[in-house]
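Trainee: File work16.txt below, compact mmCIF, C-alpha atoms and all ligand atoms:
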```txt
# COMPACT_ATOMS: atom_id res chain seq x y z
CA MET A 7 0.00 0.00 0.00
CA LYS A 8 1.25 3.47 -0.93
CA ASN A 9 1.37 5.74 2.13
CA LYS A 10 0.45 8.91 0.26
CA LYS A 11 -3.02 7.58 -0.49
CA LEU A 12 -3.83 6.53 3.07
CA GLY A 13 -5.66 8.88 5.41
CA LEU A 14 -4.24 10.21 8.67
CA ASN A 15 -5.70 7.68 11.09
CA THR A 16 -4.87 4.75 8.80
CA VAL A 17 -1.25 5.90 8.66
CA CYS A 18 -1.23 6.30 12.45
CA THR A 19 -2.64 2.81 12.92
CA HIS A 20 -0.74 0.83 10.28
CA THR A 21 2.06 2.47 8.34
CA GLY A 22 5.44 0.88 8.91
CA GLU A 23 4.18 -1.99 11.04
CA VAL A 24 6.30 -5.15 11.10
CA GLN A 25 4.28 -8.13 9.86
CA ASP A 26 4.25 -11.00 12.34
CA LYS A 27 4.67 -13.76 9.78
CA GLN A 28 5.21 -16.43 12.40
CA PHE A 29 2.09 -16.00 14.55
CA LYS A 30 0.09 -13.40 12.62
CA GLY A 31 -0.24 -11.17 15.68
CA ALA A 32 -2.07 -7.88 15.19
CA VAL A 33 0.81 -5.61 16.23
CA SER A 34 4.49 -5.30 15.34
CA PRO A 35 6.50 -7.90 17.28
CA LEU A 36 9.04 -6.36 19.66
CA TYR A 37 12.66 -7.12 18.72
CA MET A 38 14.93 -6.48 21.67
CA SER A 39 18.10 -7.93 20.07
CA SER A 40 21.18 -5.78 20.25
CA SER A 41 22.97 -8.25 17.98
CA TYR A 42 21.85 -9.36 14.53
CA ALA A 43 23.56 -11.85 12.21
CA PHE A 44 24.96 -10.11 9.11
CA GLU A 45 22.79 -10.46 6.07
CA ASP A 46 24.80 -7.99 4.11
CA ILE A 47 27.95 -6.31 5.43
CA ASP A 48 26.53 -2.85 4.56
CA GLU A 49 23.32 -3.59 6.44
CA LYS A 50 24.68 -4.21 9.91
CA ARG A 51 21.79 -3.96 12.32
CA TYR A 52 22.55 -2.43 15.70
CA PRO A 53 20.31 -0.31 17.96
CA ARG A 54 22.71 2.67 17.92
CA TYR A 55 22.55 2.66 14.10
CA PHE A 56 18.82 3.47 14.27
CA ASN A 57 18.06 0.40 12.11
CA THR A 58 16.49 -2.30 14.27
CA PRO A 59 13.15 -3.63 12.97
CA ASN A 60 11.14 -1.60 15.49
CA GLN A 61 13.13 1.60 14.89
CA GLN A 62 12.63 1.25 11.14
CA ALA A 63 8.93 0.51 11.57
CA LEU A 64 8.30 3.66 13.58
CA SER A 65 10.55 5.76 11.35
CA LYS A 66 8.36 4.82 8.38
CA LYS A 67 5.25 5.93 10.26
CA VAL A 68 6.80 9.29 11.23
CA ALA A 69 8.03 9.90 7.66
CA ALA A 70 4.56 9.09 6.27
CA LEU A 71 2.90 11.42 8.80
CA GLU A 72 5.27 14.30 8.01
CA HIS A 73 5.20 13.68 4.22
CA THR A 74 8.97 13.19 4.02
CA GLU A 75 11.12 10.43 2.52
CA ALA A 76 12.70 9.33 5.77
CA ALA A 77 12.76 9.74 9.56
CA MET A 78 14.74 8.71 12.63
CA ILE A 79 13.71 8.07 16.22
CA PHE A 80 15.83 9.49 19.08
CA GLY A 81 16.18 9.02 22.83
CA SER A 82 14.69 12.47 23.54
CA GLY A 83 13.53 15.61 21.82
CA MET A 84 16.82 17.27 22.77
CA ALA A 85 18.81 14.36 21.23
CA ALA A 86 16.84 14.94 18.01
CA ILE A 87 17.42 18.72 18.14
CA SER A 88 21.12 18.63 19.08
CA THR A 89 21.96 15.96 16.51
CA SER A 90 20.09 17.77 13.74
CA LEU A 91 21.69 21.13 14.50
CA LEU A 92 25.23 19.85 14.88
CA ALA A 93 24.93 17.73 11.72
CA PHE A 94 24.67 20.91 9.66
CA LEU A 95 26.83 23.34 11.65
CA HIS A 96 30.61 23.31 11.61
CA LYS A 97 33.22 25.52 13.24
CA GLY A 98 32.84 29.07 11.87
CA ASP A 99 29.27 28.54 10.66
CA HIS A 100 26.36 30.72 11.74
CA ILE A 101 22.72 29.91 12.53
CA VAL A 102 19.65 32.15 12.69
CA LEU A 103 17.18 31.09 15.38
CA GLN A 104 13.79 32.55 16.19
CA ASN A 105 13.69 34.40 19.50
CA ALA A 106 10.90 32.48 21.27
CA LEU A 107 12.22 28.91 21.53
CA TYR A 108 11.80 25.96 23.86
CA GLY A 109 14.06 26.55 26.90
CA GLY A 110 16.16 23.41 26.34
CA THR A 111 16.96 24.48 22.79
CA MET A 112 17.95 27.95 24.03
CA ASN A 113 20.23 26.37 26.65
CA LEU A 114 21.86 24.10 24.06
CA VAL A 115 22.76 27.11 21.93
CA LEU A 116 23.78 29.46 24.77
CA GLU A 117 25.73 26.91 26.82
CA GLU A 118 27.36 24.73 24.13
CA PHE A 119 27.74 26.46 20.75
CA ASP A 120 30.67 28.70 21.73
CA LYS A 121 32.71 25.57 22.51
CA TYR A 122 32.30 24.38 18.92
CA GLY A 123 32.95 27.80 17.41
CA ILE A 124 29.40 28.01 16.04
CA GLU A 125 28.01 31.54 15.77
CA TYR A 126 24.34 32.32 16.30
CA THR A 127 21.77 35.11 16.18
CA PHE A 128 18.37 35.08 17.82
CA THR A 129 15.92 37.19 15.81
CA LYS A 130 14.34 40.29 17.39
CA SER A 131 10.84 39.09 16.55
CA LEU A 132 9.09 36.43 14.47
CA ASP A 133 8.69 38.90 11.59
CA ILE A 134 10.33 37.68 8.37
CA LYS A 135 12.20 41.01 8.12
CA ASP A 136 14.09 40.18 11.29
CA PHE A 137 15.09 36.77 9.92
CA LYS A 138 16.38 38.44 6.74
CA LYS A 139 18.37 40.95 8.76
CA ALA A 140 20.01 38.21 10.82
CA ILE A 141 21.42 36.28 7.84
CA GLN A 142 25.20 36.54 7.39
CA LYS A 143 27.71 35.29 4.83
CA ASN A 144 28.45 32.21 6.97
CA THR A 145 24.83 31.39 7.84
CA LYS A 146 24.01 27.74 7.16
CA VAL A 147 20.81 27.01 9.08
CA ILE A 148 17.56 28.78 9.93
CA TYR A 149 15.61 27.36 12.89
CA ILE A 150 12.01 28.04 13.91
CA GLU A 151 9.36 26.75 16.33
CA THR A 152 5.69 27.45 15.71
CA PRO A 153 3.37 27.78 17.55
CA SER A 154 5.84 28.99 20.18
CA ASN A 155 5.98 28.31 23.90
CA PRO A 156 4.36 29.75 26.03
CA LEU A 157 2.63 32.56 24.08
CA LEU A 158 1.61 30.52 21.01
CA LYS A 159 3.11 33.01 18.57
CA ILE A 160 3.09 31.98 14.93
CA THR A 161 6.02 32.11 12.50
CA ASP A 162 5.26 32.23 8.77
CA ILE A 163 6.49 28.79 7.64
CA ARG A 164 6.19 29.40 3.89
CA LYS A 165 8.12 32.67 4.07
CA ILE A 166 10.88 31.04 6.14
CA ALA A 167 11.18 28.15 3.67
CA LYS A 168 11.40 30.59 0.75
CA LEU A 169 14.01 32.71 2.50
CA ALA A 170 16.09 29.62 3.33
CA LYS A 171 15.98 28.42 -0.30
CA LYS A 172 17.01 31.85 -1.59
CA HIS A 173 20.09 31.89 0.64
CA ASN A 174 20.85 28.17 0.30
CA LEU A 175 20.24 27.50 3.99
CA VAL A 176 18.92 24.37 5.63
CA SER A 177 15.56 25.14 7.27
CA MET A 178 14.53 23.38 10.48
CA ILE A 179 11.32 23.48 12.50
CA ASP A 180 10.39 22.20 15.92
CA ASN A 181 6.90 20.90 15.09
CA THR A 182 6.18 19.54 18.58
CA PHE A 183 3.31 21.85 19.56
CA ALA A 184 1.31 21.44 16.33
CA SER A 185 2.11 17.79 15.52
CA PRO A 186 1.70 16.56 11.93
CA VAL A 187 -2.04 16.27 12.59
CA ASN A 188 -2.28 20.08 12.50
CA GLN A 189 0.77 21.25 10.55
CA LEU A 190 2.82 19.76 7.71
CA PRO A 191 5.97 21.88 7.30
CA ALA A 192 7.51 19.65 4.59
CA THR A 193 4.59 20.46 2.29
CA MET A 194 5.43 24.15 2.80
CA GLY A 195 9.10 23.73 1.92
CA ILE A 196 10.82 23.18 5.28
CA ASP A 197 13.77 20.75 5.09
CA ILE A 198 13.96 19.21 8.54
CA ILE A 199 11.07 18.58 10.91
CA ILE A 200 11.85 17.85 14.58
CA HIS A 201 9.67 16.53 17.39
CA SER A 202 9.86 16.01 21.07
CA ALA A 203 8.02 12.67 20.85
CA THR A 204 7.68 12.97 24.63
CA LYS A 205 4.73 15.24 23.90
CA TYR A 206 1.89 14.51 21.40
CA PHE A 207 3.55 11.48 19.76
CA GLY A 208 3.75 9.69 23.12
CA GLY A 209 0.66 11.45 24.43
CA HIS A 210 0.31 9.50 27.70
CA SER A 211 3.05 11.17 29.77
CA ASP A 212 5.08 7.95 30.03
CA ILE A 213 7.68 8.16 27.23
CA LEU A 214 10.78 10.29 26.64
CA ALA A 215 11.65 10.30 22.94
CA GLY A 216 12.41 12.43 19.89
CA ALA A 217 11.99 12.22 16.13
CA VAL A 218 13.33 13.88 13.00
CA ALA A 219 11.79 13.70 9.51
CA ALA A 220 13.43 14.90 6.27
CA SER A 221 14.61 13.86 2.80
CA GLU A 222 16.89 10.81 2.46
CA ALA A 223 19.86 13.09 1.81
CA HIS A 224 19.29 15.27 4.86
CA MET A 225 18.48 12.27 7.07
CA ASN A 226 21.73 10.65 5.99
CA ARG A 227 23.73 13.64 7.26
CA ILE A 228 21.87 13.43 10.58
CA PHE A 229 22.43 9.66 10.75
CA GLN A 230 26.21 10.05 10.23
CA LEU A 231 26.42 12.24 13.34
CA GLY A 232 23.64 10.43 15.22
CA LYS A 233 25.47 7.12 15.25
CA ASN A 234 28.53 8.85 16.72
CA LEU A 235 26.63 10.83 19.36
CA GLY A 236 24.63 7.74 20.32
CA GLY A 237 21.21 9.24 21.06
CA SER A 238 19.05 6.35 19.87
CA LEU A 239 16.00 5.07 21.75
CA SER A 240 15.64 1.65 23.37
CA ASP A 241 13.55 -0.73 21.26
CA PHE A 242 11.11 -1.34 24.06
CA THR A 243 10.28 2.38 24.19
CA VAL A 244 10.19 2.55 20.38
CA TRP A 245 7.59 -0.20 20.46
CA MET A 246 5.60 1.63 23.14
CA LEU A 247 5.75 4.77 21.03
CA GLU A 248 4.44 2.91 17.96
CA ARG A 249 1.48 1.86 20.10
CA SER A 250 0.91 5.45 21.28
CA MET A 251 1.02 6.84 17.77
CA LYS A 252 -1.86 4.68 16.61
CA THR A 253 -4.13 7.14 18.42
CA LEU A 254 -2.20 10.33 17.59
CA GLY A 255 -4.83 11.50 15.09
CA ILE A 256 -7.87 10.95 17.29
CA ARG A 257 -6.15 12.32 20.39
CA VAL A 258 -4.95 15.53 18.79
CA LYS A 259 -8.25 16.18 17.00
CA GLU A 260 -10.10 15.81 20.29
CA GLN A 261 -7.56 18.13 21.95
CA ASN A 262 -8.06 20.66 19.14
CA LYS A 263 -11.80 20.62 19.77
CA ASN A 264 -11.50 20.88 23.54
CA ALA A 265 -8.89 23.65 23.33
CA LEU A 266 -10.91 25.82 20.95
CA LYS A 267 -14.00 25.61 23.17
CA LEU A 268 -11.99 26.18 26.37
CA ALA A 269 -10.15 29.15 24.84
CA SER A 270 -13.52 30.75 24.01
CA TYR A 271 -14.76 30.00 27.51
CA LEU A 272 -11.71 31.58 29.16
CA ASP A 273 -11.80 34.53 26.75
CA LYS A 274 -15.25 35.44 28.06
CA HIS A 275 -14.46 34.81 31.75
CA PRO A 276 -14.27 38.07 33.76
CA ALA A 277 -11.33 36.76 35.86
CA VAL A 278 -9.22 36.20 32.73
CA ALA A 279 -7.26 39.17 31.40
CA LYS A 280 -6.03 37.59 28.17
CA VAL A 281 -6.05 34.29 26.28
CA TYR A 282 -3.30 33.26 23.87
CA TYR A 283 -4.67 30.66 21.45
CA PRO A 284 -4.06 30.81 17.68
CA GLY A 285 -7.59 29.53 17.02
CA LEU A 286 -9.20 32.64 18.52
CA ARG A 287 -10.02 35.43 16.09
CA SER A 288 -8.59 37.85 18.64
CA HIS A 289 -5.13 36.20 18.40
CA GLU A 290 -2.76 38.53 16.54
CA ASP A 291 -1.66 35.74 14.17
CA TYR A 292 -5.07 34.09 13.65
CA GLU A 293 -5.07 34.54 9.86
CA LEU A 294 -1.51 33.26 9.52
CA ALA A 295 -2.25 30.29 11.77
CA LYS A 296 -5.32 29.48 9.68
CA SER A 297 -3.26 29.59 6.49
CA GLN A 298 -0.71 27.04 7.66
CA MET A 299 -2.46 24.87 10.27
CA SER A 300 -5.39 22.51 9.72
CA GLY A 301 -6.18 22.56 13.46
CA PHE A 302 -4.98 24.91 16.19
CA GLY A 303 -3.66 22.37 18.68
CA GLY A 304 -4.16 21.63 22.34
CA MET A 305 -1.82 24.26 23.81
CA MET A 306 -2.81 27.70 25.04
CA SER A 307 -1.93 30.26 27.69
CA PHE A 308 -4.06 32.67 29.67
CA GLU A 309 -3.55 35.43 32.22
CA LEU A 310 -5.58 35.80 35.39
CA ASN A 311 -6.49 39.35 36.41
CA PRO A 312 -4.33 40.78 39.20
CA GLU A 313 -7.27 40.35 41.64
CA TYR A 314 -6.68 36.61 41.46
CA ASP A 315 -3.82 34.72 43.10
CA VAL A 316 -2.05 32.29 40.76
CA ALA A 317 -0.58 30.14 43.56
CA THR A 318 -4.03 29.68 45.15
CA PHE A 319 -5.47 28.90 41.71
CA PHE A 320 -2.94 26.08 41.23
CA LYS A 321 -3.52 24.73 44.74
CA SER A 322 -7.29 24.69 44.19
CA LEU A 323 -7.26 22.66 40.97
CA LYS A 324 -8.57 19.12 41.48
CA LEU A 325 -8.78 17.47 38.06
CA ILE A 326 -6.11 19.48 36.21
CA LYS A 327 -2.57 18.70 37.36
CA PRO A 328 0.18 21.31 37.71
CA SER A 329 2.93 19.82 35.53
CA MET A 330 6.18 20.69 33.74
CA SER A 331 5.43 18.54 30.73
CA LEU A 332 2.59 18.79 28.25
CA ALA A 333 0.54 17.15 25.49
CA GLY A 334 -0.70 14.15 27.43
CA VAL A 335 -4.30 12.92 27.37
CA GLU A 336 -4.66 14.54 30.79
CA SER A 337 -5.05 18.30 31.12
CA THR A 338 -2.13 20.02 32.83
CA MET A 339 -1.21 23.60 33.70
CA LEU A 340 2.00 25.39 34.54
CA SER A 341 3.05 28.83 35.69
CA PRO A 342 6.01 29.88 33.50
CA THR A 343 6.95 32.52 36.10
CA GLN A 344 7.34 29.86 38.78
CA THR A 345 8.94 27.14 36.59
CA SER A 346 10.35 27.40 33.05
CA HIS A 347 11.02 31.16 33.26
CA ALA A 348 11.73 31.40 37.02
CA LEU A 349 15.41 32.27 36.49
CA LEU A 350 14.61 35.38 34.47
CA THR A 351 14.13 38.70 36.23
CA PRO A 352 10.58 40.16 36.22
CA GLU A 353 11.84 42.76 33.66
CA GLU A 354 13.20 40.04 31.35
CA ARG A 355 9.94 38.16 31.62
CA LYS A 356 8.00 41.30 30.88
CA LYS A 357 10.16 41.89 27.79
CA GLN A 358 9.18 38.43 26.57
CA GLY A 359 5.53 39.20 27.25
CA ILE A 360 5.25 36.78 30.15
CA ALA A 361 3.05 38.29 32.85
CA ASP A 362 3.24 36.98 36.41
CA GLY A 363 -0.35 35.77 36.14
CA LEU A 364 0.34 33.76 32.97
CA ILE A 365 -0.75 30.12 32.98
CA ARG A 366 0.18 27.62 30.26
CA PHE A 367 -2.58 25.15 29.63
CA SER A 368 -2.09 21.77 27.93
CA VAL A 369 -5.60 20.61 27.12
CA GLY A 370 -6.35 16.92 27.50
CA ILE A 371 -9.14 14.68 26.26
CA GLU A 372 -11.32 14.75 29.37
CA GLU A 373 -14.96 15.84 29.01
CA ARG A 374 -15.07 19.59 28.52
CA LYS A 375 -17.72 20.15 31.19
CA ASP A 376 -15.46 18.52 33.80
CA ILE A 377 -12.45 20.65 32.81
CA ILE A 378 -14.59 23.79 32.90
CA ALA A 379 -16.04 22.90 36.32
CA ASP A 380 -12.51 22.48 37.70
CA ILE A 381 -11.30 25.82 36.32
CA LYS A 382 -14.45 27.57 37.55
CA GLN A 383 -14.11 26.42 41.16
CA ALA A 384 -10.35 27.12 41.24
CA ILE A 385 -10.84 30.66 39.93
CA LYS A 386 -13.54 31.28 42.55
CA LYS A 387 -11.22 30.18 45.36
CA SER A 388 -8.27 32.24 44.10
CA LYS A 389 -9.95 35.66 44.31
CA LYS A 390 -7.83 37.88 46.57
CA LYS A 391 -9.68 39.09 49.66
C1 LIG B 1 9.69 19.18 25.46
C2 LIG B 1 10.12 19.91 24.25
C3 LIG B 1 11.39 19.72 23.69
C4 LIG B 1 12.43 18.83 24.33
O1 LIG B 1 12.05 17.49 24.28
P1 LIG B 1 12.56 16.37 25.34
O2 LIG B 1 11.82 15.16 24.86
O3 LIG B 1 12.18 16.83 26.71
O4 LIG B 1 14.03 16.25 25.17
C5 LIG B 1 11.70 20.42 22.53
N1 LIG B 1 10.83 21.26 21.96
C6 LIG B 1 9.60 21.48 22.46
C7 LIG B 1 8.69 22.44 21.80
C8 LIG B 1 9.20 20.82 23.63
O5 LIG B 1 7.99 21.06 24.13
```
Turn the structure described in the file into structure tokens.
Mentor:
Amino acid sequence: MKNKKLGLNTVCTHTGEVQDKQFKGAVSPLYMSSSYAFEDIDEKRYPRYFNTPNQQALSKKVAALEHTEAAMIFGSGMAAISTSLLAFLHKGDHIVLQNALYGGTMNLVLEEFDKYGIEYTFTKSLDIKDFKKAIQKNTKVIYIETPSNPLLKITDIRKIAKLAKKHNLVSMIDNTFASPVNQLPATMGIDIIIHSATKYFGGHSDILAGAVAASEAHMNRIFQLGKNLGGSLSDFTVWMLERSMKTLGIRVKEQNKNALKLASYLDKHPAVAKVYYPGLRSHEDYELAKSQMSGFGGMMSFELNPEYDVATFFKSLKLIKPSMSLAGVESTMLSPTQTSHALLTPEERKKQGIADGLIRFSVGIEERKDIIADIKQAIKKSKKK
């Protein structure tokens, strides 16, 4: 069966699966071998070479989902990001990165790149003009993340891809927040698509993994470094992830639906000062989001009015869990000021648009009325006296 012709949920359920010829089991058998007899000296199978049967099975599914020729599965999102970046950046090269990036990616650049002699510029804003301005003679890579964390800002994917092609740069996107259910960067000209598979791919808050999808040629460059850095994922977890991804489509579509309704609910709530969700018409990038996303995702942020106490709000939640991670089937919330952005000064946070009352909300698949009831009672309790 040709992947291109299969619909989303069929790809999620079947593409890549290993046929159990021996027992005709319904799912891919799990191959835990770290040693395989040579069939062909060029085809040495070894888990660190990303080529065990389960790794290849899941890679095919990810490639089909992202509409690329190939994909690789990594031990974490950061293993996927670091391997992809370093595969295309040598000493003396320069990279342009968008300014609002996942904290781990920022840390990788700020703490490690100097050591390798790699130069970098973070753009002033997500405006294409600022990307253009940041390009230098030695620029090799352009790196974006959209929607961004935690304010759900949108970068124009098509314009970035065009700019990269014009200057002969490799374009990379962190597609974690949207997932391929909602956004297909390869179809808009982006070269390399990266995921923290810990998030929507895994979806049940029990797997740490990463994935990269690209053309055969680009994947081969990443593989050459990947086998040396050694960031592959254990086959057992790969197998678990294949199982999780069978429901990626239905999970994310349900999360899209819940999030859109909850964003509208919060937007009208008198205790809420502002909602950041690209699916709301009031979002500054609504039109752009609509032009490049087929769904708006399960992530949003909102600000409580200053008359409400954020700490009390978090303590009062019963169903929704305060949590660092995101994208599970369960709804979670986090205060960037108290966690991911705690090390910044209030002024730095303000510069990034992160108010002290900001709450990041990862919407799960629970019944909407139950989520709303939980938020309602927690808001009520958090009103300052
Ligand atoms: C979590 C996350 C990462 C890092 O992934 P890990 O699996 O934790 O290594 C990268 N990008 C985004 C957008 C994330 O949310």
Trainee: Using all atoms listed in the file, find each residue with an atom at most 8 Å away from ligand LIG 1 (chain B) and format the answer as a list in words.
Mentor: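 Checking all atoms listed in the file against ligand LIG 1 (chain B) at 8 Å gives Gly81, Ser82, Gly83, Met84, Ala85, Ala86, Ile87, Leu107, Tyr108, Gly109, Gly110, Thr111, Glu151, Ser154, Asn155, Asp180, Asn181, Thr182, Phe183, His201, Ser202, Ala203, Thr204, Lys205, Leu214, Ala215, Gly216, Ser331 and Leu332 of chain A.
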Trainee: Between CA of Ile148 (chain A) and CA of Ile228 (chain A), what is the spacing in Å?
Mentor: 16.0 Å
Trainee: Name all residues at most 12 Å from Pro276 (chain A) (count all atoms listed in the file; drop same-chain ones fewer than 5 positions away) and give them as a PyMOL selection string.
Mentor: chain A and resi 271+281+309-314+382+385-386+389
Trainee: Can you pull out the residues contacting Phe242 (chain A)? Cut-off 9 Å, using all atoms listed in the file, and skip same-chain residues under 5 positions away; I want them as an NGL selection string.
Mentor: :A and (36-38 or 60 or 247)
Trainee: Which residue out of A:Asn188, A:Tyr55, A:Ser329, A:Gln298 has the minimum interatomic distance to Asp162 (chain A) when only C-alpha atoms are used?
Mentor: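 Among the listed residues, A:Gln298 lies closest to Asp162 (chain A).
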Trainee: Give the centre and edge lengths of an axis-aligned box, in Å to one decimal, that holds all listed atoms of region 47-52 of chain A with 6 Å on each side, as JSON.
Mentor:
```
{"center_x": 24.9, "center_y": -4.4, "center_z": 10.1, "size_x": 18.2, "size_y": 15.9, "size_z": 23.1}
```
Trainee: Do a neighbour search on region 258-261 of chain A at 7 Å with all atoms listed in the file, toss out local chain neighbours closer than 3 positions, and write the hits as a list in words.
Mentor: Val187, Leu254, Gly255, Asn264, Ala265, Gly303, Gly304, Val369, Gly370 and Ile371 of chain A
Trainee: Restricting the calculation to all atoms listed in the file: of A:His173, A:Ile160, A:Leu64, A:Ile360, which residue gets closest to Ala219 (chain A)?
Mentor: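 Ranked by minimum distance to Ala219 (chain A), first place goes to A:Leu64.
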Trainee: Distance CA of Ala379 (chain A)-CA of Asp273 (chain A), one decimal place?
Mentor: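 Taking CA of Ala379 (chain A) and CA of Asp273 (chain A), their separation equals 15.6 Å.
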Trainee: Which one is closest to Lys324 (chain A): A:Asp362, A:Asp376, A:Asp133, A:Glu353? Count all atoms listed in the file.
Mentor: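 Of A:Asp362, A:Asp376, A:Asp133, A:Glu353, the one nearest Lys324 (chain A), counting all atoms listed in the file, is A:Asp376.
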Trainee: Would you mind listing what lies within 12 Å of Phe137 (chain A) as a PDB file with C-alpha atoms, in the frame of the given file, with only C-alpha atoms counted and same-chain residues fewer than 4 positions away left out?
Mentor:
```pdb
ATOM      1  CA  ILE A 101      22.720  29.910  12.530  1.00  0.00           C
ATOM      2  CA  VAL A 102      19.650  32.150  12.690  1.00  0.00           C
ATOM      3  CA  LEU A 103      17.180  31.090  15.380  1.00  0.00           C
ATOM      4  CA  GLN A 104      13.790  32.550  16.190  1.00  0.00           C
ATOM      5  CA  ASN A 105      13.690  34.400  19.500  1.00  0.00           C
ATOM      6  CA  THR A 127      21.770  35.110  16.180  1.00  0.00           C
ATOM      7  CA  PHE A 128      18.370  35.080  17.820  1.00  0.00           C
ATOM      8  CA  THR A 129      15.920  37.190  15.810  1.00  0.00           C
ATOM      9  CA  LYS A 130      14.340  40.290  17.390  1.00  0.00           C
ATOM     10  CA  SER A 131      10.840  39.090  16.550  1.00  0.00           C
ATOM     11  CA  LEU A 132       9.090  36.430  14.470  1.00  0.00           C
ATOM     12  CA  ASP A 133       8.690  38.900  11.590  1.00  0.00           C
ATOM     13  CA  ILE A 141      21.420  36.280   7.840  1.00  0.00           C
ATOM     14  CA  GLN A 142      25.200  36.540   7.390  1.00  0.00           C
ATOM     15  CA  THR A 145      24.830  31.390   7.840  1.00  0.00           C
ATOM     16  CA  VAL A 147      20.810  27.010   9.080  1.00  0.00           C
ATOM     17  CA  ILE A 148      17.560  28.780   9.930  1.00  0.00           C
ATOM     18  CA  TYR A 149      15.610  27.360  12.890  1.00  0.00           C
ATOM     19  CA  ILE A 150      12.010  28.040  13.910  1.00  0.00           C
ATOM     20  CA  THR A 161       6.020  32.110  12.500  1.00  0.00           C
ATOM     21  CA  ASP A 162       5.260  32.230   8.770  1.00  0.00           C
ATOM     22  CA  ILE A 163       6.490  28.790   7.640  1.00  0.00           C
ATOM     23  CA  LYS A 165       8.120  32.670   4.070  1.00  0.00           C
ATOM     24  CA  ILE A 166      10.880  31.040   6.140  1.00  0.00           C
ATOM     25  CA  ALA A 167      11.180  28.150   3.670  1.00  0.00           C
ATOM     26  CA  LYS A 168      11.400  30.590   0.750  1.00  0.00           C
ATOM     27  CA  LEU A 169      14.010  32.710   2.500  1.00  0.00           C
ATOM     28  CA  ALA A 170      16.090  29.620   3.330  1.00  0.00           C
ATOM     29  CA  HIS A 173      20.090  31.890   0.640  1.00  0.00           C
ATOM     30  CA  SER A 177      15.560  25.140   7.270  1.00  0.00           C
TER      31      SER A 177
END
```
Trainee: Name the closest residue to Ile79 (chain A) among the candidates A:Lys66, A:Lys146, A:Arg374, A:Lys274; distances are taken between atoms, counting only C-alpha atoms.
Mentor: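 That would be A:Lys66, the residue with the smallest distance to Ile79 (chain A).
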Trainee: If I take CA of Ile198 (chain A) and CA of Asp212 (chain A), how far is one from the other in Å, to one decimal?
Mentor: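 That distance, rounded to one decimal, is 25.8 Å.
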Trainee: Fix up region 332-341 of chain A with N, CA, C and O atoms, then write it as a short mmCIF file (atom, residue, chain, number, x, y, z; two decimals), keeping the file's coordinate frame.
Mentor:
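result-v4.cif was written with the following content:
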```
data_model
loop_
_atom_site.label_atom_id
_atom_site.label_comp_id
_atom_site.auth_asym_id
_atom_site.auth_seq_id
_atom_site.Cartn_x
_atom_site.Cartn_y
_atom_site.Cartn_z
N LEU A 332 3.80 18.39 28.95
CA LEU A 332 2.59 18.79 28.25
C LEU A 332 2.19 17.73 27.22
O LEU A 332 2.93 16.77 26.99
N ALA A 333 1.02 17.93 26.64
CA ALA A 333 0.54 17.15 25.49
C ALA A 333 0.06 15.75 25.81
O ALA A 333 -0.17 14.95 24.91
N GLY A 334 -0.14 15.45 27.08
CA GLY A 334 -0.70 14.15 27.43
C GLY A 334 -2.22 14.16 27.26
O GLY A 334 -2.82 15.21 27.01
N VAL A 335 -2.83 12.99 27.44
CA VAL A 335 -4.30 12.92 27.37
C VAL A 335 -4.93 13.61 28.57
O VAL A 335 -6.11 13.94 28.56
N GLU A 336 -4.13 13.85 29.62
CA GLU A 336 -4.66 14.54 30.79
C GLU A 336 -4.33 16.04 30.70
O GLU A 336 -3.28 16.42 30.24
N SER A 337 -5.28 16.86 31.13
CA SER A 337 -5.05 18.30 31.12
C SER A 337 -4.05 18.67 32.20
O SER A 337 -4.13 18.18 33.32
N THR A 338 -3.10 19.54 31.85
CA THR A 338 -2.13 20.02 32.83
C THR A 338 -1.95 21.53 32.67
O THR A 338 -2.22 22.08 31.61
N MET A 339 -1.50 22.16 33.74
CA MET A 339 -1.21 23.60 33.70
C MET A 339 0.13 23.88 34.35
O MET A 339 0.60 23.07 35.17
N LEU A 340 0.71 25.00 33.98
CA LEU A 340 2.00 25.39 34.54
C LEU A 340 2.11 26.90 34.59
O LEU A 340 1.57 27.59 33.72
N SER A 341 2.78 27.41 35.62
CA SER A 341 3.05 28.83 35.69
C SER A 341 4.47 29.08 35.21
O SER A 341 5.42 28.71 35.89
#
```
